[in-house]
>>> print(open('final_22.pdb').read())   # PDB, C-alpha atoms
ATOM      1  CA  MET U  16     -94.398  66.495 194.617
ATOM      2  CA  TYR U  17     -91.448  68.491 193.290
ATOM      3  CA  PHE U  18     -92.451  69.116 189.641
ATOM      4  CA  GLU U  19     -95.876  70.125 188.364
ATOM      5  CA  ASP U  20     -95.372  68.282 185.084
ATOM      6  CA  ARG U  21     -92.723  67.657 182.427
ATOM      7  CA  VAL U  22     -92.909  71.252 181.213
ATOM      8  CA  ASP U  23     -92.138  72.555 184.702
ATOM      9  CA  ALA U  24     -89.368  69.957 185.062
ATOM     10  CA  GLY U  25     -87.860  71.009 181.733
ATOM     11  CA  ARG U  26     -87.856  74.660 182.719
ATOM     12  CA  GLN U  27     -86.211  73.947 186.062
ATOM     13  CA  LEU U  28     -83.635  71.756 184.350
ATOM     14  CA  ALA U  29     -82.961  74.470 181.782
ATOM     15  CA  GLN U  30     -82.252  76.977 184.558
ATOM     16  CA  ALA U  31     -79.780  74.541 186.119
ATOM     17  CA  LEU U  32     -78.006  74.155 182.780
ATOM     18  CA  LEU U  33     -77.921  77.895 182.157
ATOM     19  CA  ALA U  34     -76.431  78.382 185.615
ATOM     20  CA  ARG U  35     -73.645  75.981 184.587
ATOM     21  CA  GLY U  36     -72.901  78.149 181.554
ATOM     22  CA  TYR U  37     -74.429  76.051 178.773
ATOM     23  CA  THR U  38     -75.509  77.954 175.676
ATOM     24  CA  ALA U  39     -76.539  77.179 172.120
ATOM     25  CA  GLU U  40     -72.978  77.326 170.762
ATOM     26  CA  ASP U  41     -72.050  73.931 169.285
ATOM     27  CA  THR U  42     -74.747  72.374 171.495
ATOM     28  CA  LEU U  43     -77.356  69.794 170.541
ATOM     29  CA  VAL U  44     -80.204  68.778 172.851
ATOM     30  CA  LEU U  45     -81.421  65.200 172.475
ATOM     31  CA  GLY U  46     -84.582  63.943 174.156
ATOM     32  CA  LEU U  47     -85.328  60.293 174.844
ATOM     33  CA  PRO U  48     -88.812  59.517 173.513
ATOM     34  CA  ARG U  49     -91.281  59.689 174.686
ATOM     35  CA  GLY U  50     -91.359  61.494 178.036
ATOM     36  CA  GLY U  51     -87.875  62.923 177.709
ATOM     37  CA  VAL U  52     -88.813  64.906 174.609
ATOM     38  CA  SER U  53     -91.293  67.064 176.545
ATOM     39  CA  VAL U  54     -88.506  67.968 178.985
ATOM     40  CA  ALA U  55     -85.885  68.388 176.255
ATOM     41  CA  TYR U  56     -88.106  70.785 174.303
ATOM     42  CA  GLU U  57     -88.114  73.223 177.233
ATOM     43  CA  VAL U  58     -84.347  72.866 177.630
ATOM     44  CA  ALA U  59     -83.686  73.496 173.942
ATOM     45  CA  GLU U  60     -86.005  76.503 173.911
ATOM     46  CA  ALA U  61     -84.320  78.086 176.941
ATOM     47  CA  LEU U  62     -80.827  77.509 175.558
ATOM     48  CA  GLY U  63     -81.769  78.407 171.983
ATOM     49  CA  ALA U  64     -80.190  75.108 170.955
ATOM     50  CA  PRO U  65     -81.120  72.554 168.279
ATOM     51  CA  LEU U  66     -83.495  69.776 169.343
ATOM     52  CA  ASP U  67     -83.624  66.174 168.162
ATOM     53  CA  ILE U  68     -84.378  62.735 169.550
ATOM     54  CA  TRP U  69     -82.397  59.611 170.353
ATOM     55  CA  VAL U  70     -84.490  56.460 170.315
ATOM     56  CA  VAL U  71     -84.042  53.834 173.033
ATOM     57  CA  ARG U  72     -86.338  50.980 174.077
ATOM     58  CA  LYS U  73     -86.275  49.293 177.452
ATOM     59  CA  VAL U  74     -85.892  45.516 177.497
ATOM     60  CA  GLY U  75     -88.420  44.390 180.086
ATOM     61  CA  ALA U  76     -88.407  41.136 182.019
ATOM     62  CA  PRO U  77     -90.736  38.404 180.728
ATOM     63  CA  ASN U  78     -94.201  38.775 182.280
ATOM     64  CA  TYR U  79     -93.051  41.929 184.071
ATOM     65  CA  GLN U  80     -92.295  44.532 181.412
ATOM     66  CA  GLU U  81     -91.918  47.401 183.886
ATOM     67  CA  LEU U  82     -88.812  45.757 185.346
ATOM     68  CA  GLY U  83     -85.959  46.682 183.018
ATOM     69  CA  LEU U  84     -83.308  44.118 182.162
ATOM     70  CA  GLY U  85     -81.537  46.559 179.861
ATOM     71  CA  ALA U  86     -82.171  48.560 176.717
ATOM     72  CA  VAL U  87     -81.531  48.840 172.977
ATOM     73  CA  ALA U  88     -80.546  52.186 171.413
ATOM     74  CA  GLU U  89     -80.503  53.287 167.804
ATOM     75  CA  GLY U  90     -77.204  52.419 166.238
ATOM     76  CA  GLY U  91     -77.573  48.823 167.443
ATOM     77  CA  ILE U  92     -76.171  49.294 170.948
ATOM     78  CA  THR U  93     -77.544  46.942 173.610
ATOM     79  CA  TYR U  94     -77.092  47.072 177.368
ATOM     80  CA  LEU U  95     -78.148  44.137 179.567
ATOM     81  CA  ASP U  96     -78.011  43.909 183.353
ATOM     82  CA  ARG U  97     -76.840  40.323 183.709
ATOM     83  CA  GLU U  98     -76.995  40.397 187.497
ATOM     84  CA  ARG U  99     -80.677  41.215 187.274
ATOM     85  CA  MET U 100     -81.125  38.587 184.575
ATOM     86  CA  ALA U 101     -79.655  36.002 186.929
ATOM     87  CA  ARG U 102     -81.928  37.074 189.778
ATOM     88  CA  MET U 103     -84.946  36.822 187.467
ATOM     89  CA  SER U 104     -83.736  33.490 185.965
ATOM     90  CA  VAL U 105     -83.726  34.971 182.461
ATOM     91  CA  SER U 106     -81.563  32.936 180.104
ATOM     92  CA  GLU U 107     -79.257  34.340 177.411
ATOM     93  CA  ALA U 108     -81.503  32.817 174.738
ATOM     94  CA  THR U 109     -84.557  34.558 176.170
ATOM     95  CA  ALA U 110     -82.633  37.816 176.436
ATOM     96  CA  ARG U 111     -81.597  37.571 172.776
ATOM     97  CA  ARG U 112     -85.221  37.180 171.716
ATOM     98  CA  LEU U 113     -86.245  40.160 173.818
ATOM     99  CA  VAL U 114     -83.414  42.267 172.392
ATOM    100  CA  GLN U 115     -84.338  41.356 168.806
ATOM    101  CA  ARG U 116     -87.915  42.419 169.446
ATOM    102  CA  LYS U 117     -86.850  45.740 170.957
ATOM    103  CA  ALA U 118     -84.325  46.373 168.168
ATOM    104  CA  ALA U 119     -87.184  46.086 165.686
ATOM    105  CA  GLU U 120     -89.205  48.552 167.778
ATOM    106  CA  VAL U 121     -86.282  50.994 167.774
ATOM    107  CA  LYS U 122     -86.102  50.916 163.971
ATOM    108  CA  GLU U 123     -89.862  51.405 163.717
ATOM    109  CA  ARG U 124     -89.806  54.363 166.102
ATOM    110  CA  VAL U 125     -86.866  55.998 164.362
ATOM    111  CA  ALA U 126     -88.847  55.844 161.128
ATOM    112  CA  ARG U 127     -92.010  57.111 162.852
ATOM    113  CA  PHE U 128     -90.437  60.065 164.657
ATOM    114  CA  ARG U 129     -87.667  61.040 162.262
ATOM    115  CA  GLY U 130     -89.144  59.961 158.946
ATOM    116  CA  GLY U 131     -86.470  59.724 156.299
ATOM    117  CA  ASP U 132     -84.137  62.162 158.041
ATOM    118  CA  ALA U 133     -80.642  61.043 158.971
ATOM    119  CA  PRO U 134     -79.627  60.861 162.641
ATOM    120  CA  PRO U 135     -78.296  64.134 164.034
ATOM    121  CA  ASP U 136     -74.620  64.841 163.507
ATOM    122  CA  VAL U 137     -73.122  64.877 167.004
ATOM    123  CA  GLN U 138     -69.428  64.750 166.095
ATOM    124  CA  GLY U 139     -67.477  67.410 167.942
ATOM    125  CA  LYS U 140     -70.570  68.914 169.551
ATOM    126  CA  THR U 141     -71.710  69.231 173.135
ATOM    127  CA  VAL U 142     -74.627  66.811 173.364
ATOM    128  CA  ILE U 143     -77.117  67.355 176.185
ATOM    129  CA  LEU U 144     -79.005  64.091 176.629
ATOM    130  CA  VAL U 145     -82.327  64.637 178.407
ATOM    131  CA  ASP U 146     -84.848  62.279 179.977
ATOM    132  CA  ASP U 147     -87.719  62.941 182.399
ATOM    133  CA  GLY U 148     -85.921  61.009 185.135
ATOM    134  CA  ILE U 149     -83.716  57.996 185.801
ATOM    135  CA  ALA U 150     -84.794  54.972 187.798
ATOM    136  CA  THR U 151     -82.713  51.907 186.853
ATOM    137  CA  GLY U 152     -80.593  53.684 184.217
ATOM    138  CA  GLY U 153     -80.664  50.980 181.544
ATOM    139  CA  THR U 154     -82.123  53.124 178.766
ATOM    140  CA  VAL U 155     -79.806  56.030 179.523
ATOM    141  CA  ARG U 156     -76.765  53.758 179.631
ATOM    142  CA  ALA U 157     -77.563  52.314 176.193
ATOM    143  CA  ALA U 158     -78.132  55.799 174.789
ATOM    144  CA  LEU U 159     -74.821  57.067 176.158
ATOM    145  CA  GLN U 160     -72.903  54.113 174.729
ATOM    146  CA  SER U 161     -74.554  54.615 171.353
ATOM    147  CA  LEU U 162     -73.840  58.352 171.293
ATOM    148  CA  ARG U 163     -70.210  57.913 172.391
ATOM    149  CA  MET U 164     -69.531  55.856 169.262
ATOM    150  CA  ARG U 165     -70.417  58.930 167.177
ATOM    151  CA  ARG U 166     -67.592  60.999 168.723
ATOM    152  CA  PRO U 167     -69.312  63.990 170.279
ATOM    153  CA  GLY U 168     -67.098  66.670 171.782
ATOM    154  CA  ARG U 169     -68.665  66.068 175.181
ATOM    155  CA  ILE U 170     -71.826  64.523 176.591
ATOM    156  CA  VAL U 171     -73.911  66.149 179.304
ATOM    157  CA  LEU U 172     -76.546  64.002 180.973
ATOM    158  CA  ALA U 173     -79.386  66.225 182.182
ATOM    159  CA  VAL U 174     -82.445  65.022 184.102
ATOM    160  CA  PRO U 175     -84.941  66.550 186.521
ATOM    161  CA  VAL U 176     -84.818  63.679 189.025
ATOM    162  CA  ALA U 177     -82.795  60.523 189.628
ATOM    163  CA  GLY U 178     -81.502  58.268 192.372
ATOM    164  CA  ASN U 179     -78.142  59.081 193.920
ATOM    165  CA  GLU U 180     -76.768  55.604 193.347
ATOM    166  CA  ILE U 181     -77.563  55.417 189.638
ATOM    167  CA  LEU U 182     -76.174  58.923 189.094
ATOM    168  CA  GLU U 183     -72.841  57.837 190.541
ATOM    169  CA  GLU U 184     -72.847  54.786 188.269
ATOM    170  CA  LEU U 185     -73.495  56.916 185.184
ATOM    171  CA  ARG U 186     -71.171  59.812 186.061
ATOM    172  CA  PRO U 187     -68.012  58.180 184.575
ATOM    173  CA  MET U 188     -69.808  57.832 181.229
ATOM    174  CA  VAL U 189     -70.285  61.596 180.710
ATOM    175  CA  GLU U 190     -68.301  64.818 180.879
ATOM    176  CA  ASP U 191     -70.956  66.515 183.008
ATOM    177  CA  LEU U 192     -74.114  65.535 184.841
ATOM    178  CA  VAL U 193     -76.910  67.945 185.780
ATOM    179  CA  CYS U 194     -79.778  66.791 187.989
ATOM    180  CA  VAL U 195     -82.275  69.112 189.676
ATOM    181  CA  LEU U 196     -83.333  66.609 192.334
ATOM    182  CA  ALA U 197     -81.082  63.707 193.352
ATOM    183  CA  ARG U 198     -82.758  61.382 195.833
ATOM    184  CA  PRO U 199     -81.487  58.501 197.972
ATOM    185  CA  ASP U 200     -85.020  57.073 198.192
ATOM    186  CA  LEU U 201     -86.268  57.159 194.593
ATOM    187  CA  ASP U 202     -88.743  54.335 193.990
ATOM    188  CA  SER U 203     -90.317  55.725 190.828
ATOM    189  CA  ILE U 204     -89.936  58.824 188.687
ATOM    190  CA  GLY U 205     -93.638  59.630 188.700
ATOM    191  CA  GLN U 206     -93.766  60.085 192.466
ATOM    192  CA  TRP U 207     -91.943  63.412 192.074
ATOM    193  CA  TYR U 208     -94.423  64.794 189.519
ATOM    194  CA  ALA U 209     -97.920  66.100 190.274
ATOM    195  CA  SER U 210     -98.875  65.127 186.713
ATOM    196  CA  PHE U 211     -96.985  62.333 184.957
ATOM    197  CA  PRO U 212     -99.148  60.831 182.190
ATOM    198  CA  GLN U 213     -97.888  58.648 179.371
ATOM    199  CA  VAL U 214     -96.733  60.781 176.436
ATOM    200  CA  PRO U 215     -98.410  59.796 173.142
ATOM    201  CA  ASP U 216     -96.389  59.459 169.943
ATOM    202  CA  GLU U 217     -98.428  62.337 168.536
ATOM    203  CA  ASP U 218     -97.063  64.662 171.221
ATOM    204  CA  VAL U 219     -93.479  63.752 170.323
ATOM    205  CA  LYS U 220     -94.126  64.478 166.660
ATOM    206  CA  ARG U 221     -95.943  67.719 167.531
ATOM    207  CA  LEU U 222     -93.029  68.981 169.628
ATOM    208  CA  MET U 223     -90.541  68.115 166.909
ATOM    209  CA  ASN U 224     -92.702  69.893 164.320
ATOM    210  CA  GLU U 225     -92.938  72.949 166.579
ATOM    211  CA  ALA U 226     -89.170  72.941 166.980
ATOM    212  CA  ARG U 227     -88.743  72.812 163.209
ATOM    213  CA  ALA U 228     -91.194  75.685 162.771
ATOM    214  CA  GLN U 229     -89.417  77.787 165.400
ATOM    215  CA  ALA U 230     -86.090  77.077 163.703
ATOM    216  CA  LEU U 231     -87.379  78.902 160.648
ATOM    217  CA  ASP U 232     -88.073  81.910 162.890
ATOM    218  CA  GLY U 233     -84.676  81.734 164.547
ATOM    219  CA  GLY U 234     -85.830  79.979 167.738
ATOM    220  CA  VAL U 235     -85.470  76.347 168.752
ATOM    221  CA  SER U 236     -84.009  74.273 165.964
ATOM    222  CA  ALA U 237     -84.961  70.680 165.264
ATOM    223  CA  ARG U 238     -81.625  70.195 163.530
ATOM    224  CA  PRO U 239     -78.080  71.368 164.111
TER     225      PRO U 239
END
>>> encode(input="final_22.pdb", output="structure tokens")
Amino acid sequence: MYFEDRVDAGRQLAQALLARGYTAEDTLVLGLPRGGVSVAYEVAEALGAPLDIWVVRKVGAPNYQELGLGAVAEGGITYLDRERMARMSVSEATARRLVQRKAAEVKERVARFRGGDAPPDVQGKTVILVDDGIATGGTVRAALQSLRMRRPGRIVLAVPVAGNEILEELRPMVEDLVCVLARPDLDSIGQWYASFPQVPDEDVKRLMNEARAQALDGGVSARP
């Protein structure tokens, strides 16, 4: 195991970002719920940067939800891996139904985690997009496409662990990419964590509330 848990991973990732010269100035840290928020909280705290979320839902294959066919991000952006769809014999009609279902889940989660607040203003800012790791890359790809439409100054993709191949595929989509542990043999993200439980919705809301409270004291901000 390389990371004790998501807190340890977030702290190691934060040190890698600090070593690259990233600071709070015009920087916004966005975590992908749910597991990515635990990592992003540590990054935002170390950088003294604002923290928010960016909601994405994986589109899983029928009868095998863990196998991602793509993802839907807030803002209505959808990414589908049509080569994988073909291998799994998933039709376009079936994919549309799956996407519609996940789009509804995205809207519900945005309302649950963000309440009535507007999405963060990313225009002109350095956006550090954080997840707890990247396996297939579908959710991250959808998030990056969605964020790019909002004209950030630059996008930095930051993760504790990912496969070498998927990192090279994603690199052209961002201005910078920071990964603590890049592996040629990554089968699953959890194999590199000593503790990698599912993150409840309540933990995401708690971390966001803590960030808002710290913002009032001049620490981590939940808003830019």
>>> resolve_selection(input="final_22.pdb", expression="the PyMOL selection byres ((chain U and resi 17) around 12)", output="list in words")
Met16, Phe18, Glu19, Asp20, Arg21, Asp23, Ala24, Gln27, Pro175, Val176, Val195, Leu196, Ala197, Arg198, Ile204, Gly205, Gln206, Trp207, Tyr208, Ala209, Ser210 and Phe211 of chain U
>>> atom_distance(input="final_22.pdb", atom1="atom CA of Gln115 of chain U", atom2="atom CA of Tyr94 of chain U")
12.6 Å
>>> resolve_selection(input="final_22.pdb", expression="the PyMOL selection byres ((chain U and resi 218-228) around 12)", output="MDAnalysis selection string")
chainID U and resid 22 44:60 63:70 124:130 212:217 229:239
>>> residues_around(input="final_22.pdb", residues="Met188 of chain U", least_positions_apart="5", cutoff="12 Å", atoms="all atoms listed in the file", output="NGL selection string")
:U and (152 or 155-163 or 169-172 or 181-183)
>>> residues_around(input="final_22.pdb", residues="Gly178 of chain U", least_positions_apart="5", cutoff="7 Å", atoms="only C-alpha atoms", output="PyMOL selection string")
chain U and resi 149-150+197-201
>>> atom_distance(input="final_22.pdb", atom1="atom CA of Val114 of chain U", atom2="atom CA of Ala86 of chain U")
7.7 Å
>>> residues_near_point(input="final_22.pdb", point="(-87.4, 50.1, 185.3)", cutoff="8 Å", atoms="only C-alpha atoms", output="list in words")
Lys73, Gly75, Glu81, Leu82, Gly83, Leu84, Ala150, Thr151, Gly152 and Gly153 of chain U
>>> resolve_selection(input="final_22.pdb", expression="the PyMOL selection byres ((chain U and resi 31) around 10)", output="PyMOL selection string")
chain U and resi 25-30+32-37+58+173+175+193-195
>>> atom_distance(input="final_22.pdb", atom1="atom CA of Tyr79 of chain U", atom2="atom CA of Ala108 of chain U")
17.4 Å
>>> closest_residue(input="final_22.pdb", among="U:Met164, U:Val87, U:Leu144, U:Val105", to="Leu192 of chain U", atoms="all atoms listed in the file")
U:Leu144
>>> closest_residue(input="final_22.pdb", among="U:Glu89, U:Lys140, U:Pro77, U:Lys122", to="Thr109 of chain U", atoms="all atoms listed in the file")
U:Pro77
>>> axis_aligned_box(input="final_22.pdb", around="segment 160-179 of chain U", padding_each_side="6 Å", output="JSON")
{"center_x": -76.0, "center_y": 60.4, "center_z": 180.5, "size_x": 29.8, "size_y": 24.6, "size_z": 38.7}
>>> decode(input="final_22.pdb", residues="segment 127-140 of chain U", atoms="C-alpha atoms", output="PDB file, in the first residue's frame")
ATOM      1  CA  ARG U 127     -27.928  17.810  -2.354  1.00  0.00           C
ATOM      2  CA  PHE U 128     -24.317  18.952  -2.029  1.00  0.00           C
ATOM      3  CA  ARG U 129     -24.552  22.566  -3.147  1.00  0.00           C
ATOM      4  CA  GLY U 130     -28.098  23.424  -2.131  1.00  0.00           C
ATOM      5  CA  GLY U 131     -29.278  26.544  -3.885  1.00  0.00           C
ATOM      6  CA  ASP U 132     -25.773  27.890  -4.451  1.00  0.00           C
ATOM      7  CA  ALA U 133     -24.618  28.633  -7.980  1.00  0.00           C
ATOM      8  CA  PRO U 134     -21.729  26.652  -9.482  1.00  0.00           C
ATOM      9  CA  PRO U 135     -18.303  28.097  -8.704  1.00  0.00           C
ATOM     10  CA  ASP U 136     -17.045  30.827 -10.995  1.00  0.00           C
ATOM     11  CA  VAL U 137     -13.989  29.338 -12.703  1.00  0.00           C
ATOM     12  CA  GLN U 138     -13.505  31.915 -15.462  1.00  0.00           C
ATOM     13  CA  GLY U 139      -9.915  33.091 -15.615  1.00  0.00           C
ATOM     14  CA  LYS U 140      -8.862  31.067 -12.580  1.00  0.00           C
TER      15      LYS U 140
END
